[in-house]
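**Q** Before anything else, here's the structure in question.
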Amino acid sequence: MTEPHTPRRRPTLVAVGHGSRDPRARATLSRLLDRVRELRPGLDVRLAHIELNAPLLDATLAELAAEGRDAGAVLVPLLLAPGHHVTHDLPAALAAVPALRARLAAPLGAHPLLVEALADRLAQAGWTPGDGDSPATGVVLASAGSRDPRSGAETRRIAALLGERLGGVPVLPAYASAAAPTVSEAVRVLTARGRHRIAVASCFTAPGLFATRAAAHAPWIASDPLGAHPALARLVLHRYDTAPRPTTRGRELATV
C-alpha cells in the first residue's frame, strides 16, 4: 500500500517590525502581512516587534519554541538596511531561544521590488513621468538612519536605483536620526543646485514620528510610507525564500 503523502511543513515567517508609538504602524504592518498571506496561502505568517508594540519578538520566539515547531522559523526584518537591530538585536533574540530552529533573512534593502514600491508611492503623491525630465526636479530619499556604515551604503544604493527608475533624477539620501544629512539639509543641497521642485520619498515601512517629520520638510510633494504595497509583500516573501539555508551546526544567523 502506498503511504499517504504528507506535505512538507514550511518554516514560520516571522516579520519583525521596529515598533512605534503611532497606532497606525502596527495596523499598517498587519495589512502588509495580510497581503503576504494572500500570496502564499497556508504559510504561517506572524508579526513581531523589537520594541514598543506587542507582540514583542522575544515572546513570539518563545511561543514558537513552546509549540515545538519542527519546521523552524525565518525572521524577515521589516527594516530597510542593516544596522544595530539587524546585526545585534535579532541574532541575540534567536540565540536566547536555542530550542527553536531559526534563520535570519536579510533586511528589505536595495532591491527592484523596493524601488517599485517607492516609485509607485511617489506617483500616488503626484509625481508624473514628465517630472523626471525637468532640470528643476529632485528627490530626497528619507529613511530612519543608523550609525552603522553598512546602513548608509545600503541607503545610497536604494537612492541610486530610485534615481535610475525615475529617469536619472538626482536622489539624495537623508536620515531622520543618527546620520547626516537630515531631510532639511538634503533639501538645501538640492536647492543650491537649482532643484526647486523637490519631492520627499518616504523610505519607511509604516507611519510614525520619523516619517511624519520627514514629510513636513517636503517643498513639493511627499510620498506615504511603503506600507502594504503589493511589491513590498513580494519582497518580504523573496527575503523569506532566500534566507540562508541550515548548516550542520543547526543554528542559522544570516549574514546581511
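Letters for chains follow the order of the C-alpha cells (A, B, ...), residue numbers begin at 1 for each chain, and ligand numbers begin at 1 in the order shown.
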Using only C-alpha atoms, I'd like a table of the residues in segment 69-126 of chain A that come within 9 Å of segment 193-208 of chain A; for each, show the closest atom pair and its distance in Å rounded to one decimal, ordered by chain and ascending number, as JSON lines.
**A**
{"residue": "A:Leu78", "atom": "CA", "partner": "A:Thr205", "partner_atom": "CA", "distance": 6.9}
{"residue": "A:Leu79", "atom": "CA", "partner": "A:Thr205", "partner_atom": "CA", "distance": 7.3}
{"residue": "A:Leu80", "atom": "CA", "partner": "A:Phe204", "partner_atom": "CA", "distance": 7.5}
{"residue": "A:Leu118", "atom": "CA", "partner": "A:Ala201", "partner_atom": "CA", "distance": 6.7}
{"residue": "A:Ala119", "atom": "CA", "partner": "A:Ala201", "partner_atom": "CA", "distance": 8.2}
{"residue": "A:Arg121", "atom": "CA", "partner": "A:Ala201", "partner_atom": "CA", "distance": 7.8}
{"residue": "A:Leu122", "atom": "CA", "partner": "A:Ala201", "partner_atom": "CA", "distance": 6.4}
**Q** Could the residues in this selection be saved with C-alpha atoms as a PDB file, in the first residue's frame?
**A**
ATOM      1  CA  LEU A  78      10.852  44.802   8.062  1.00  0.00           C
ATOM      2  CA  LEU A  79      13.795  47.193   8.063  1.00  0.00           C
ATOM      3  CA  LEU A  80      15.340  48.881   5.080  1.00  0.00           C
ATOM      4  CA  LEU A 118       8.949  53.761  -3.680  1.00  0.00           C
ATOM      5  CA  ALA A 119       8.260  54.975  -7.219  1.00  0.00           C
ATOM      6  CA  ARG A 121       4.133  55.832  -3.731  1.00  0.00           C
ATOM      7  CA  LEU A 122       5.661  58.940  -5.350  1.00  0.00           C
TER       8      LEU A 122
END
**Q** Please extract the residues of segment 5-241 of chain A with a backbone DSSP assignment of strand (DSSP E or B) and present them as a count of residues only.
**A** 39
**Q** In Å, rounded to a single decimal, give me how far atom CA of Arg10 of chain A is from atom CA of Asp44 of chain A.
**A**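 Between atom CA of Asp44 of chain A and atom CA of Arg10 of chain A the gap works out to 8.0 Å.
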**Q** So, counting only C-alpha atoms, which residue among A:Gly17, A:Pro82, A:Pro230, A:Pro23 is closest to Pro55 of chain A?
**A** A:Gly17
**Q** From the options A:Leu47, A:Leu166, A:Ile158, A:Val36, which residue's atoms come nearest to Gly19 of chain A, counting only C-alpha atoms?
**A**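 Looking only at the distances to Gly19 of chain A, the closest residue turns out to be A:Leu47.
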**Q** Near Thr60 of chain A, within 12 Å and counting only C-alpha atoms, which residues show up once chain neighbours fewer than 2 positions away are dropped, as a PDB file with N, CA and C atoms, in the first residue's frame?
**A**
ATOM      1  N   THR A  12       7.876  28.913   9.770  1.00  0.00           N
ATOM      2  CA  THR A  12       7.052  30.084  10.037  1.00  0.00           C
ATOM      3  C   THR A  12       7.794  31.344   9.603  1.00  0.00           C
ATOM      4  N   LEU A  13       7.094  32.238   8.945  1.00  0.00           N
ATOM      5  CA  LEU A  13       7.665  33.529   8.580  1.00  0.00           C
ATOM      6  C   LEU A  13       7.340  34.504   9.710  1.00  0.00           C
ATOM      7  N   VAL A  14       8.368  34.966  10.395  1.00  0.00           N
ATOM      8  CA  VAL A  14       8.195  35.957  11.452  1.00  0.00           C
ATOM      9  C   VAL A  14       8.689  37.296  10.907  1.00  0.00           C
ATOM     10  N   ALA A  15       7.760  38.178  10.589  1.00  0.00           N
ATOM     11  CA  ALA A  15       8.099  39.504  10.093  1.00  0.00           C
ATOM     12  C   ALA A  15       8.341  40.412  11.296  1.00  0.00           C
ATOM     13  N   VAL A  16       9.519  41.025  11.342  1.00  0.00           N
ATOM     14  CA  VAL A  16       9.925  41.782  12.528  1.00  0.00           C
ATOM     15  C   VAL A  16       9.950  43.268  12.217  1.00  0.00           C
ATOM     16  N   VAL A  45       2.352  33.002   8.994  1.00  0.00           N
ATOM     17  CA  VAL A  45       2.994  34.315   8.974  1.00  0.00           C
ATOM     18  C   VAL A  45       2.631  35.045  10.265  1.00  0.00           C
ATOM     19  N   ARG A  46       3.645  35.512  10.980  1.00  0.00           N
ATOM     20  CA  ARG A  46       3.400  36.191  12.250  1.00  0.00           C
ATOM     21  C   ARG A  46       4.156  37.513  12.295  1.00  0.00           C
ATOM     22  N   LEU A  47       3.577  38.469  12.991  1.00  0.00           N
ATOM     23  CA  LEU A  47       4.180  39.770  13.175  1.00  0.00           C
ATOM     24  C   LEU A  47       4.781  39.863  14.574  1.00  0.00           C
ATOM     25  N   ALA A  48       5.978  40.402  14.661  1.00  0.00           N
ATOM     26  CA  ALA A  48       6.621  40.650  15.960  1.00  0.00           C
ATOM     27  C   ALA A  48       7.312  42.001  15.895  1.00  0.00           C
ATOM     28  N   HIS A  49       7.611  42.557  17.067  1.00  0.00           N
ATOM     29  CA  HIS A  49       8.237  43.872  17.138  1.00  0.00           C
ATOM     30  C   HIS A  49       9.463  43.826  18.032  1.00  0.00           C
ATOM     31  N   ILE A  50      10.426  44.666  17.705  1.00  0.00           N
ATOM     32  CA  ILE A  50      11.628  44.756  18.520  1.00  0.00           C
ATOM     33  C   ILE A  50      11.323  45.479  19.829  1.00  0.00           C
ATOM     34  N   ALA A  54       3.206  45.161  20.972  1.00  0.00           N
ATOM     35  CA  ALA A  54       3.007  43.718  21.097  1.00  0.00           C
ATOM     36  C   ALA A  54       2.496  43.183  19.754  1.00  0.00           C
ATOM     37  N   PRO A  55       2.832  41.909  19.460  1.00  0.00           N
ATOM     38  CA  PRO A  55       3.693  41.033  20.252  1.00  0.00           C
ATOM     39  C   PRO A  55       5.172  41.394  20.075  1.00  0.00           C
ATOM     40  N   LEU A  56       5.921  41.306  21.161  1.00  0.00           N
ATOM     41  CA  LEU A  56       7.360  41.522  21.091  1.00  0.00           C
ATOM     42  C   LEU A  56       8.047  40.281  20.534  1.00  0.00           C
ATOM     43  N   LEU A  57       9.203  40.484  19.932  1.00  0.00           N
ATOM     44  CA  LEU A  57       9.906  39.376  19.280  1.00  0.00           C
ATOM     45  C   LEU A  57      10.245  38.268  20.258  1.00  0.00           C
ATOM     46  N   ASP A  58      10.743  38.602  21.439  1.00  0.00           N
ATOM     47  CA  ASP A  58      11.124  37.568  22.405  1.00  0.00           C
ATOM     48  C   ASP A  58       9.941  36.659  22.729  1.00  0.00           C
ATOM     49  N   ALA A  62       9.579  32.637  21.836  1.00  0.00           N
ATOM     50  CA  ALA A  62       9.316  31.694  22.924  1.00  0.00           C
ATOM     51  C   ALA A  62       8.045  30.894  22.649  1.00  0.00           C
ATOM     52  N   GLU A  63       7.047  31.548  22.087  1.00  0.00           N
ATOM     53  CA  GLU A  63       5.798  30.863  21.752  1.00  0.00           C
ATOM     54  C   GLU A  63       6.032  29.797  20.681  1.00  0.00           C
ATOM     55  N   LEU A  64       6.812  30.132  19.666  1.00  0.00           N
ATOM     56  CA  LEU A  64       7.113  29.166  18.609  1.00  0.00           C
ATOM     57  C   LEU A  64       7.895  27.980  19.166  1.00  0.00           C
ATOM     58  N   ALA A  65       8.848  28.240  20.048  1.00  0.00           N
ATOM     59  CA  ALA A  65       9.618  27.151  20.652  1.00  0.00           C
ATOM     60  C   ALA A  65       8.726  26.251  21.490  1.00  0.00           C
ATOM     61  N   ALA A  66       7.782  26.845  22.228  1.00  0.00           N
ATOM     62  CA  ALA A  66       6.870  26.060  23.069  1.00  0.00           C
ATOM     63  C   ALA A  66       5.928  25.211  22.235  1.00  0.00           C
ATOM     64  N   GLU A  67       5.622  25.685  21.023  1.00  0.00           N
ATOM     65  CA  GLU A  67       4.738  24.933  20.133  1.00  0.00           C
ATOM     66  C   GLU A  67       5.460  23.754  19.479  1.00  0.00           C
ATOM     67  N   ALA A  73      11.681  28.534  11.947  1.00  0.00           N
ATOM     68  CA  ALA A  73      11.187  29.858  11.607  1.00  0.00           C
ATOM     69  C   ALA A  73      12.239  30.622  10.826  1.00  0.00           C
ATOM     70  N   LEU A  75      13.161  34.664  10.309  1.00  0.00           N
ATOM     71  CA  LEU A  75      12.891  36.044  10.677  1.00  0.00           C
ATOM     72  C   LEU A  75      13.192  36.951   9.489  1.00  0.00           C
ATOM     73  N   ALA A  93      18.283  37.768  19.981  1.00  0.00           N
ATOM     74  CA  ALA A  93      16.967  37.203  20.293  1.00  0.00           C
ATOM     75  C   ALA A  93      16.896  35.734  19.894  1.00  0.00           C
ATOM     76  N   LEU A  94      17.476  35.385  18.757  1.00  0.00           N
ATOM     77  CA  LEU A  94      17.483  33.982  18.323  1.00  0.00           C
ATOM     78  C   LEU A  94      18.365  33.130  19.240  1.00  0.00           C
ATOM     79  N   VAL A  97      16.843  31.606  22.336  1.00  0.00           N
ATOM     80  CA  VAL A  97      15.851  30.523  22.214  1.00  0.00           C
ATOM     81  C   VAL A  97      16.497  29.372  21.443  1.00  0.00           C
ATOM     82  N   LEU A 100      14.624  26.601  19.317  1.00  0.00           N
ATOM     83  CA  LEU A 100      13.935  26.908  18.066  1.00  0.00           C
ATOM     84  C   LEU A 100      14.929  26.941  16.913  1.00  0.00           C
TER      85      LEU A 100
END
